[in-house]
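J.: Here you go, this is final21.cif (mmCIF, C-alpha atoms).
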```
data_input
#
loop_
_atom_site.label_atom_id
_atom_site.label_comp_id
_atom_site.auth_asym_id
_atom_site.auth_seq_id
_atom_site.Cartn_x
_atom_site.Cartn_y
_atom_site.Cartn_z
CA MET A 4 108.39 110.75 68.84
CA SER A 5 105.68 113.39 68.65
CA ALA A 6 106.65 116.92 69.69
CA THR A 7 103.50 117.04 71.79
CA THR A 8 104.36 114.07 73.99
CA GLY A 9 108.06 114.41 74.74
CA GLU A 10 111.23 116.35 74.08
CA ALA A 11 113.61 115.13 71.39
CA GLY A 12 116.31 112.88 72.87
CA SER A 13 114.71 112.76 76.32
CA ALA A 14 114.06 109.59 78.30
CA PRO A 15 110.45 108.40 78.53
CA LEU A 16 108.44 109.67 81.47
CA ARG A 17 108.51 106.86 84.07
CA ILE A 18 105.16 106.35 85.80
CA ALA A 19 104.28 104.01 88.68
CA ILE A 20 100.84 102.39 88.67
CA PRO A 21 99.26 100.08 91.29
CA ASN A 22 99.61 96.48 90.12
CA LYS A 23 96.59 95.21 92.06
CA GLY A 24 93.97 96.20 94.60
CA SER A 25 91.15 98.71 94.52
CA LEU A 26 93.23 101.45 92.88
CA SER A 27 94.63 99.38 90.02
CA GLN A 28 91.59 98.98 87.76
CA SER A 29 90.42 102.59 88.14
CA ALA A 30 93.92 103.94 87.45
CA THR A 31 94.21 101.77 84.33
CA GLU A 32 90.79 102.90 83.07
CA MET A 33 91.73 106.56 83.56
CA LEU A 34 95.01 106.12 81.70
CA ARG A 35 93.27 104.38 78.80
CA GLU A 36 90.77 107.26 78.63
CA ALA A 37 93.75 109.62 78.52
CA GLY A 38 95.06 107.80 75.46
CA TYR A 39 97.86 105.75 77.02
CA ARG A 40 98.67 102.14 76.22
CA GLN A 41 98.10 99.79 79.17
CA ARG A 42 98.98 96.19 79.91
CA THR A 43 96.74 93.40 78.64
CA ASP A 44 98.10 90.77 81.04
CA SER A 45 98.14 91.26 84.82
CA LYS A 46 101.54 89.51 84.91
CA GLN A 47 103.19 92.30 82.90
CA LEU A 48 105.44 94.43 85.11
CA THR A 49 106.17 97.21 82.61
CA VAL A 50 104.64 98.71 79.48
CA LEU A 51 106.53 101.02 77.13
CA ASP A 52 104.20 103.37 75.25
CA THR A 53 106.49 104.61 72.48
CA VAL A 54 103.79 106.72 70.82
CA ASN A 55 103.30 108.82 73.95
CA HIS A 56 106.92 108.53 75.16
CA VAL A 57 106.07 107.12 78.60
CA GLU A 58 106.89 103.90 80.43
CA PHE A 59 104.55 102.40 83.03
CA PHE A 60 105.74 100.32 85.98
CA TYR A 61 103.18 98.17 87.80
CA LEU A 62 104.17 98.05 91.46
CA ARG A 63 102.78 97.19 94.87
CA PRO A 64 100.63 100.19 95.90
CA ARG A 65 102.58 100.54 99.16
CA ASP A 66 105.90 100.83 97.30
CA ILE A 67 104.96 103.50 94.78
CA ALA A 68 105.54 106.53 97.02
CA LEU A 69 108.99 105.18 97.97
CA TYR A 70 110.13 104.81 94.34
CA VAL A 71 108.86 108.27 93.44
CA GLY A 72 110.26 109.86 96.60
CA GLU A 73 113.72 108.47 95.82
CA GLY A 74 113.53 109.81 92.26
CA THR A 75 113.74 106.33 90.72
CA LEU A 76 110.41 107.01 88.96
CA ASP A 77 109.05 110.40 87.87
CA VAL A 78 105.35 110.14 88.68
CA GLY A 79 103.10 107.81 90.61
CA ILE A 80 99.44 107.08 91.14
CA THR A 81 98.68 105.86 94.64
CA GLY A 82 96.39 106.50 97.60
CA ARG A 83 96.84 109.52 99.84
CA ASP A 84 96.77 107.11 102.79
CA LEU A 85 99.65 105.09 101.34
CA LEU A 86 101.63 108.24 100.54
CA LEU A 87 101.32 109.59 104.08
CA ASP A 88 101.87 106.21 105.70
CA SER A 89 105.09 105.64 103.75
CA GLY A 90 106.82 108.79 104.99
CA ALA A 91 108.35 109.02 101.50
CA ASP A 92 109.87 112.24 100.20
CA ALA A 93 107.02 112.72 97.73
CA ASP A 94 104.26 115.30 97.25
CA GLU A 95 100.64 115.04 96.20
CA VAL A 96 100.09 117.13 93.07
CA ARG A 97 96.58 116.15 91.93
CA GLU A 98 93.50 114.41 93.31
CA LEU A 99 92.18 111.86 90.83
CA GLY A 100 88.58 111.39 91.97
CA PHE A 101 88.50 107.65 92.66
CA GLY A 102 89.46 105.26 95.45
CA ARG A 103 87.88 107.43 98.14
CA SER A 104 88.02 106.09 101.67
CA ARG A 105 87.74 107.32 105.25
CA PHE A 106 89.90 106.27 108.20
CA ARG A 107 88.36 106.05 111.65
CA PHE A 108 89.10 104.70 115.11
CA ALA A 109 86.85 101.93 116.43
CA ALA A 110 86.47 100.09 119.73
CA ARG A 111 83.91 98.13 121.74
CA PRO A 112 80.72 100.21 122.22
CA GLY A 113 80.88 102.61 125.14
CA THR A 114 84.56 102.12 125.94
CA LEU A 115 86.00 105.20 124.22
CA THR A 116 84.37 108.40 122.99
CA SER A 117 87.10 110.81 121.81
CA VAL A 118 90.66 110.92 120.55
CA GLN A 119 91.83 111.95 124.01
CA ASP A 120 90.78 108.52 125.30
CA LEU A 121 93.51 106.93 123.17
CA ALA A 122 96.33 107.93 125.54
CA GLY A 123 98.15 104.81 126.68
CA LYS A 124 95.95 102.46 124.65
CA ARG A 125 97.04 99.71 122.21
CA ILE A 126 95.99 100.61 118.66
CA ALA A 127 96.08 98.01 115.89
CA THR A 128 96.29 99.24 112.29
CA SER A 129 97.76 98.58 108.87
CA TYR A 130 98.65 102.29 108.63
CA VAL A 131 101.12 102.91 111.41
CA GLY A 132 102.54 106.10 109.91
CA VAL A 133 99.12 107.72 109.51
CA VAL A 134 98.04 106.85 113.04
CA ARG A 135 101.28 108.01 114.65
CA ARG A 136 101.09 111.37 112.89
CA HIS A 137 97.51 111.78 114.06
CA LEU A 138 98.46 111.01 117.65
CA GLU A 139 101.42 113.39 117.50
CA ALA A 140 99.18 116.15 116.19
CA HIS A 141 97.05 115.72 119.33
CA GLY A 142 99.99 115.40 121.71
CA LEU A 143 99.09 111.80 122.62
CA GLU A 144 101.19 108.71 123.26
CA ALA A 145 99.90 105.20 122.57
CA ASP A 146 101.22 101.80 121.55
CA VAL A 147 100.65 101.48 117.78
CA ILE A 148 100.72 97.87 116.55
CA ARG A 149 101.15 97.07 112.85
CA LEU A 150 98.86 94.36 111.51
CA ASP A 151 98.47 93.55 107.82
CA GLY A 152 94.77 92.97 107.31
CA ALA A 153 91.87 91.75 109.44
CA VAL A 154 92.55 94.26 112.20
CA GLU A 155 88.92 93.94 113.40
CA THR A 156 89.69 90.68 115.23
CA SER A 157 92.64 92.14 117.17
CA ILE A 158 90.43 93.47 119.98
CA GLN A 159 88.59 90.18 120.36
CA LEU A 160 91.94 88.36 120.54
CA GLY A 161 93.25 90.74 123.19
CA VAL A 162 96.01 92.16 120.99
CA ALA A 163 94.64 95.72 121.00
CA ASP A 164 92.15 98.04 122.69
CA VAL A 165 91.41 100.08 119.59
CA ILE A 166 91.72 99.70 115.84
CA ALA A 167 92.25 102.30 113.11
CA ASP A 168 91.05 101.24 109.69
CA VAL A 169 89.17 102.12 106.51
CA VAL A 170 85.45 102.55 107.18
CA GLU A 171 82.88 102.48 104.36
CA THR A 172 79.44 101.40 105.61
CA GLY A 173 80.60 100.27 109.04
CA SER A 174 78.96 96.85 108.60
CA THR A 175 82.24 94.96 109.02
CA LEU A 176 82.92 96.76 112.29
CA ARG A 177 79.42 96.11 113.60
CA ALA A 178 79.77 92.43 112.75
CA ALA A 179 82.93 92.40 114.87
CA GLY A 180 81.10 94.10 117.77
CA LEU A 181 82.83 97.46 117.28
CA GLU A 182 81.75 101.05 116.70
CA VAL A 183 83.56 104.12 115.39
CA PHE A 184 84.31 107.06 117.66
CA GLY A 185 86.09 110.39 117.54
CA GLU A 186 87.00 112.44 114.52
CA VAL A 187 87.95 111.18 111.06
CA ILE A 188 91.66 110.36 110.94
CA LEU A 189 92.05 110.85 107.20
CA GLU A 190 89.99 111.36 104.04
CA SER A 191 91.83 109.48 101.32
CA GLU A 192 91.56 109.03 97.57
CA ALA A 193 93.81 108.26 94.61
CA VAL A 194 96.36 110.98 93.95
CA MET A 195 99.13 111.80 91.50
CA ILE A 196 102.50 112.21 93.20
CA THR A 197 105.99 113.45 92.31
CA GLN A 198 109.24 113.69 94.22
CA ALA A 199 109.06 116.40 96.90
CA GLY A 200 110.39 119.75 95.78
CA SER A 201 110.62 118.72 92.13
CA THR A 202 111.39 121.67 89.91
CA GLY A 203 111.67 121.93 86.17
CA LEU A 204 109.57 118.85 85.51
CA SER A 205 109.71 117.68 81.93
CA HIS A 206 107.38 118.64 79.13
CA GLY A 207 106.26 115.01 79.20
CA PHE A 208 104.99 115.39 82.74
CA GLU A 209 103.03 118.52 81.84
CA VAL A 210 101.39 116.63 78.95
CA PHE A 211 100.60 113.68 81.25
CA LYS A 212 99.03 115.94 83.89
CA ARG A 213 97.06 117.86 81.26
CA ARG A 214 95.65 114.63 79.85
CA LEU A 215 94.48 113.42 83.26
CA ASP A 216 93.00 116.85 83.95
CA GLY A 217 91.10 116.48 80.68
CA VAL A 218 89.73 113.07 81.73
CA LEU A 219 88.54 114.48 85.06
CA VAL A 220 86.78 117.38 83.36
CA ALA A 221 85.23 115.07 80.77
CA ARG A 222 83.89 112.86 83.56
CA GLY A 223 82.44 115.83 85.42
CA TYR A 224 80.77 117.58 82.48
CA VAL A 225 78.42 116.79 79.61
CA MET A 226 77.72 118.64 76.38
CA MET A 227 74.25 120.19 76.21
CA ASP A 228 72.59 121.23 72.94
CA TYR A 229 69.21 122.89 72.58
CA ASP A 230 67.15 125.21 70.37
CA ILE A 231 65.47 128.33 71.68
CA ASP A 232 63.71 131.49 70.56
CA ARG A 233 66.00 134.55 70.61
CA GLY A 234 63.56 136.25 72.95
CA HIS A 235 64.50 133.75 75.68
CA LEU A 236 68.17 133.45 74.77
CA ASP A 237 69.53 135.63 77.60
CA ALA A 238 67.68 133.59 80.22
CA ALA A 239 68.91 130.35 78.67
CA VAL A 240 72.53 131.50 78.52
CA ALA A 241 72.31 132.51 82.17
CA LEU A 242 71.49 128.88 82.92
CA THR A 243 74.17 127.46 80.58
CA PRO A 244 77.09 129.91 80.52
CA GLY A 245 79.54 127.20 79.49
CA LEU A 246 83.23 127.50 80.30
CA GLU A 247 84.07 130.43 78.04
CA GLY A 248 80.59 131.17 76.76
CA PRO A 249 78.20 128.93 74.79
CA THR A 250 78.30 128.43 71.03
CA ILE A 251 75.24 130.04 69.41
CA SER A 252 74.26 129.35 65.80
CA PRO A 253 71.28 130.63 63.78
CA LEU A 254 68.59 128.15 62.72
CA HIS A 255 66.57 128.10 59.52
CA ARG A 256 63.50 128.74 61.67
CA GLU A 257 63.13 132.51 62.00
CA ASP A 258 64.24 134.04 65.32
CA TRP A 259 65.47 130.68 66.68
CA VAL A 260 69.05 129.69 67.52
CA ALA A 261 70.91 126.52 68.46
CA VAL A 262 72.97 126.65 71.66
CA ARG A 263 75.81 124.35 72.73
CA ALA A 264 77.54 124.50 76.12
CA MET A 265 79.44 122.31 78.56
CA VAL A 266 77.49 121.89 81.80
CA PRO A 267 78.21 119.98 85.03
CA ARG A 268 77.05 116.36 84.87
CA ASP A 269 75.55 116.64 88.35
CA GLY A 270 72.26 118.48 88.05
CA ALA A 271 72.09 118.23 84.25
CA GLN A 272 68.60 116.69 84.31
CA LEU A 273 67.28 119.52 86.48
CA LEU A 274 68.88 122.00 84.10
CA MET A 275 67.02 120.39 81.20
CA ASP A 276 63.74 120.89 83.08
CA GLU A 277 64.55 124.57 83.66
CA LEU A 278 65.43 125.12 80.00
CA TRP A 279 62.24 123.42 78.88
CA ALA A 280 60.24 125.67 81.19
CA ILE A 281 61.58 128.82 79.48
CA GLY A 282 60.92 127.50 75.97
CA ALA A 283 63.99 125.49 74.95
CA ARG A 284 63.33 122.47 72.73
CA ALA A 285 65.33 119.60 71.19
CA ILE A 286 67.46 119.46 74.34
CA LEU A 287 70.22 116.87 74.07
CA LEU A 288 72.94 115.62 76.44
CA THR A 289 76.06 113.86 75.18
CA ASP A 290 79.08 112.48 77.02
CA ILE A 291 82.49 114.08 76.63
CA HIS A 292 85.22 111.47 76.22
CA ALA A 293 88.21 113.81 76.41
CA CYS A 294 88.98 117.51 76.42
CA ARG A 295 91.73 120.11 76.81
CA LEU A 296 90.84 123.38 78.47
#
```
Any chance you could give the structure as structure tokens?
T.:
Amino acid sequence: MSATTGEAGSAPLRIAIPNKGSLSQSATEMLREAGYRQRTDSKQLTVLDTVNHVEFFYLRPRDIALYVGEGTLDVGITGRDLLLDSGADADEVRELGFGRSRFRFAARPGTLTSVQDLAGKRIATSYVGVVRRHLEAHGLEADVIRLDGAVETSIQLGVADVIADVVETGSTLRAAGLEVFGEVILESEAVMITQAGSTGLSHGFEVFKRRLDGVLVARGYVMMDYDIDRGHLDAAVALTPGLEGPTISPLHREDWVAVRAMVPRDGAQLLMDELWAIGARAILLTDIHACRL
């Protein structure tokens, strides 16, 4: 076992991963980018990565927070919505930047306009815990009905007056003759979780978190290289300060230098235009596959 991935004699870090659904593929891709072994067959329930001293458990997304909250597993990747809906004794420790979704109320057009109109209504949802907490926060009482999937038809069938569900474009709701109203119930995305109040987490967990942090930074930044006359260097560095300052190297061409800096991926093309305008040449962008900061 490498000293960088675990402590001598310690048990492997036990990590819960969604076994299917929208979170599963993105979580697996992120872990591969972070250097972890992943399953090659969707029927595999566990994978032991002896090199990195971790063991992955592929579980139903709704169950992950419960296993982590009970301390059966050390770390989990799940959705914020599933974490909150479970009521598990687990805490969110890191947003992971994928699986984003928005939860809204919806009803027939013109029937309800605000959260206050929900008092006494029948609300159908797959996320009972999330909805009940939202109602409690507003001091409202309503009949919350759990349905697993296809909640849009519950109003048409007379089972509910309102639904609470994930809304992306709203096209599914419109097709069902519904429209959203009121405030957003919850902004969700994939998160890393641990047992609530965990203290003294292992060195293995710190390595795991650092690796995922590195993937997120690598996805959000690119490496920029360019050449520029020293007379314009200060202006160029002001545009590309890097994280701890750019790397500057002399060129064979007199009074010219090569500059290298990490820059945010968003807006990188505009930054290239600005550098060109002040005299930079040979401007290159390259992806960053991993990093430690």
J.: Hey, could you make a per-residue contact list for region 18-120 of chain A against region 172-189 of chain A with 8 Å as the cut-off, showing the nearest pair of atoms and its distance in Å to one decimal, counting only C-alpha atoms, sorted by chain and number, as a Markdown table?
T.:
```
| residue | atom | partner | partner_atom | distance |
| --- | --- | --- | --- | --- |
| A:Asp84 | CA | A:Leu189 | CA | 7.5 |
| A:Arg105 | CA | A:Leu189 | CA | 5.9 |
| A:Phe106 | CA | A:Leu189 | CA | 5.2 |
| A:Arg107 | CA | A:Val187 | CA | 5.2 |
| A:Phe108 | CA | A:Val183 | CA | 5.6 |
| A:Ala109 | CA | A:Val183 | CA | 4.1 |
| A:Ala110 | CA | A:Leu181 | CA | 5.1 |
| A:Arg111 | CA | A:Leu181 | CA | 4.6 |
| A:Pro112 | CA | A:Glu182 | CA | 5.7 |
| A:Leu115 | CA | A:Phe184 | CA | 7.0 |
| A:Thr116 | CA | A:Phe184 | CA | 5.5 |
| A:Ser117 | CA | A:Gly185 | CA | 4.4 |
| A:Val118 | CA | A:Gly185 | CA | 5.5 |
```
J.: Hey, what comes out of the PyMOL selection byres ((chain A and resi 251) around 6) on this file? Could you write it as a list in words?
T.: Thr250, Ser252, Ala261 and Val262 of chain A
J.: Given the file shown, enumerate the residues that the PyMOL selection byres ((chain A and resi 243) around 12) captures and present them as a PDB file with C-alpha atoms, keeping the file's coordinate frame.
T.:
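The result, written out as out.pdb:
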```pdb
ATOM      1  CA  VAL A 225      78.420 116.790  79.610  1.00  0.00           C
ATOM      2  CA  MET A 226      77.720 118.640  76.380  1.00  0.00           C
ATOM      3  CA  MET A 227      74.250 120.190  76.210  1.00  0.00           C
ATOM      4  CA  ASP A 228      72.590 121.230  72.940  1.00  0.00           C
ATOM      5  CA  TYR A 229      69.210 122.890  72.580  1.00  0.00           C
ATOM      6  CA  LEU A 236      68.170 133.450  74.770  1.00  0.00           C
ATOM      7  CA  ASP A 237      69.530 135.630  77.600  1.00  0.00           C
ATOM      8  CA  ALA A 238      67.680 133.590  80.220  1.00  0.00           C
ATOM      9  CA  ALA A 239      68.910 130.350  78.670  1.00  0.00           C
ATOM     10  CA  VAL A 240      72.530 131.500  78.520  1.00  0.00           C
ATOM     11  CA  ALA A 241      72.310 132.510  82.170  1.00  0.00           C
ATOM     12  CA  LEU A 242      71.490 128.880  82.920  1.00  0.00           C
ATOM     13  CA  PRO A 244      77.090 129.910  80.520  1.00  0.00           C
ATOM     14  CA  GLY A 245      79.540 127.200  79.490  1.00  0.00           C
ATOM     15  CA  LEU A 246      83.230 127.500  80.300  1.00  0.00           C
ATOM     16  CA  GLU A 247      84.070 130.430  78.040  1.00  0.00           C
ATOM     17  CA  GLY A 248      80.590 131.170  76.760  1.00  0.00           C
ATOM     18  CA  PRO A 249      78.200 128.930  74.790  1.00  0.00           C
ATOM     19  CA  THR A 250      78.300 128.430  71.030  1.00  0.00           C
ATOM     20  CA  ILE A 251      75.240 130.040  69.410  1.00  0.00           C
ATOM     21  CA  VAL A 262      72.970 126.650  71.660  1.00  0.00           C
ATOM     22  CA  ARG A 263      75.810 124.350  72.730  1.00  0.00           C
ATOM     23  CA  ALA A 264      77.540 124.500  76.120  1.00  0.00           C
ATOM     24  CA  MET A 265      79.440 122.310  78.560  1.00  0.00           C
ATOM     25  CA  VAL A 266      77.490 121.890  81.800  1.00  0.00           C
ATOM     26  CA  PRO A 267      78.210 119.980  85.030  1.00  0.00           C
ATOM     27  CA  GLY A 270      72.260 118.480  88.050  1.00  0.00           C
ATOM     28  CA  ALA A 271      72.090 118.230  84.250  1.00  0.00           C
ATOM     29  CA  LEU A 274      68.880 122.000  84.100  1.00  0.00           C
ATOM     30  CA  MET A 275      67.020 120.390  81.200  1.00  0.00           C
ATOM     31  CA  GLU A 277      64.550 124.570  83.660  1.00  0.00           C
ATOM     32  CA  LEU A 278      65.430 125.120  80.000  1.00  0.00           C
ATOM     33  CA  ALA A 283      63.990 125.490  74.950  1.00  0.00           C
TER      34      ALA A 283
END
```
J.: Could you list as a PDB file with C-alpha atoms, in the frame of the given file every residue that has an atom within 6 Å of (62.6, 131.6, 79.4), using the file's coordinates and counting all atoms listed in the file?
T.:
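Output file part-v4.pdb follows:
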```
ATOM      1  CA  HIS A 235      64.500 133.750  75.680  1.00  0.00           C
ATOM      2  CA  ALA A 238      67.680 133.590  80.220  1.00  0.00           C
ATOM      3  CA  ILE A 281      61.580 128.820  79.480  1.00  0.00           C
ATOM      4  CA  GLY A 282      60.920 127.500  75.970  1.00  0.00           C
TER       5      GLY A 282
END
```
J.: So, with only C-alpha atoms as the atoms that count, which of A:Ile80, A:Leu138, A:Ala68, A:Ala14 lies closest to Met195 (chain A)?
T.: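 Among the listed residues, A:Ile80 lies closest to Met195 (chain A).
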J.: Provide the CA of Ala163 (chain A) to CA of Gly132 (chain A) distance in Å, to one decimal place.
T.: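 Between CA of Ala163 (chain A) and CA of Gly132 (chain A) the gap is 17.1 Å.
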J.: Which residues, named as in the file, does the PyMOL selection byres ((chain A and resi 191) around 6) pick out? Answer as a ChimeraX atom specification.
T.: /A:83-84,103-104,190,192
J.: Store the residues of this selection in a file with C-alpha atoms, as a short mmCIF file (atom, residue, chain, number, x, y, z; two decimals), in the frame of the given file.
T.:
```cif
data_model
loop_
_atom_site.label_atom_id
_atom_site.label_comp_id
_atom_site.auth_asym_id
_atom_site.auth_seq_id
_atom_site.Cartn_x
_atom_site.Cartn_y
_atom_site.Cartn_z
CA ARG A 83 96.84 109.52 99.84
CA ASP A 84 96.77 107.11 102.79
CA ARG A 103 87.88 107.43 98.14
CA SER A 104 88.02 106.09 101.67
CA GLU A 190 89.99 111.36 104.04
CA GLU A 192 91.56 109.03 97.57
#
```
J.: So, counting only C-alpha atoms, which residue among A:Arg42, A:Asp77, A:Leu143, A:Leu150 is closest to Glu209 (chain A)?
T.: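 Counting only C-alpha atoms, the residue closest to Glu209 (chain A) is A:Asp77.
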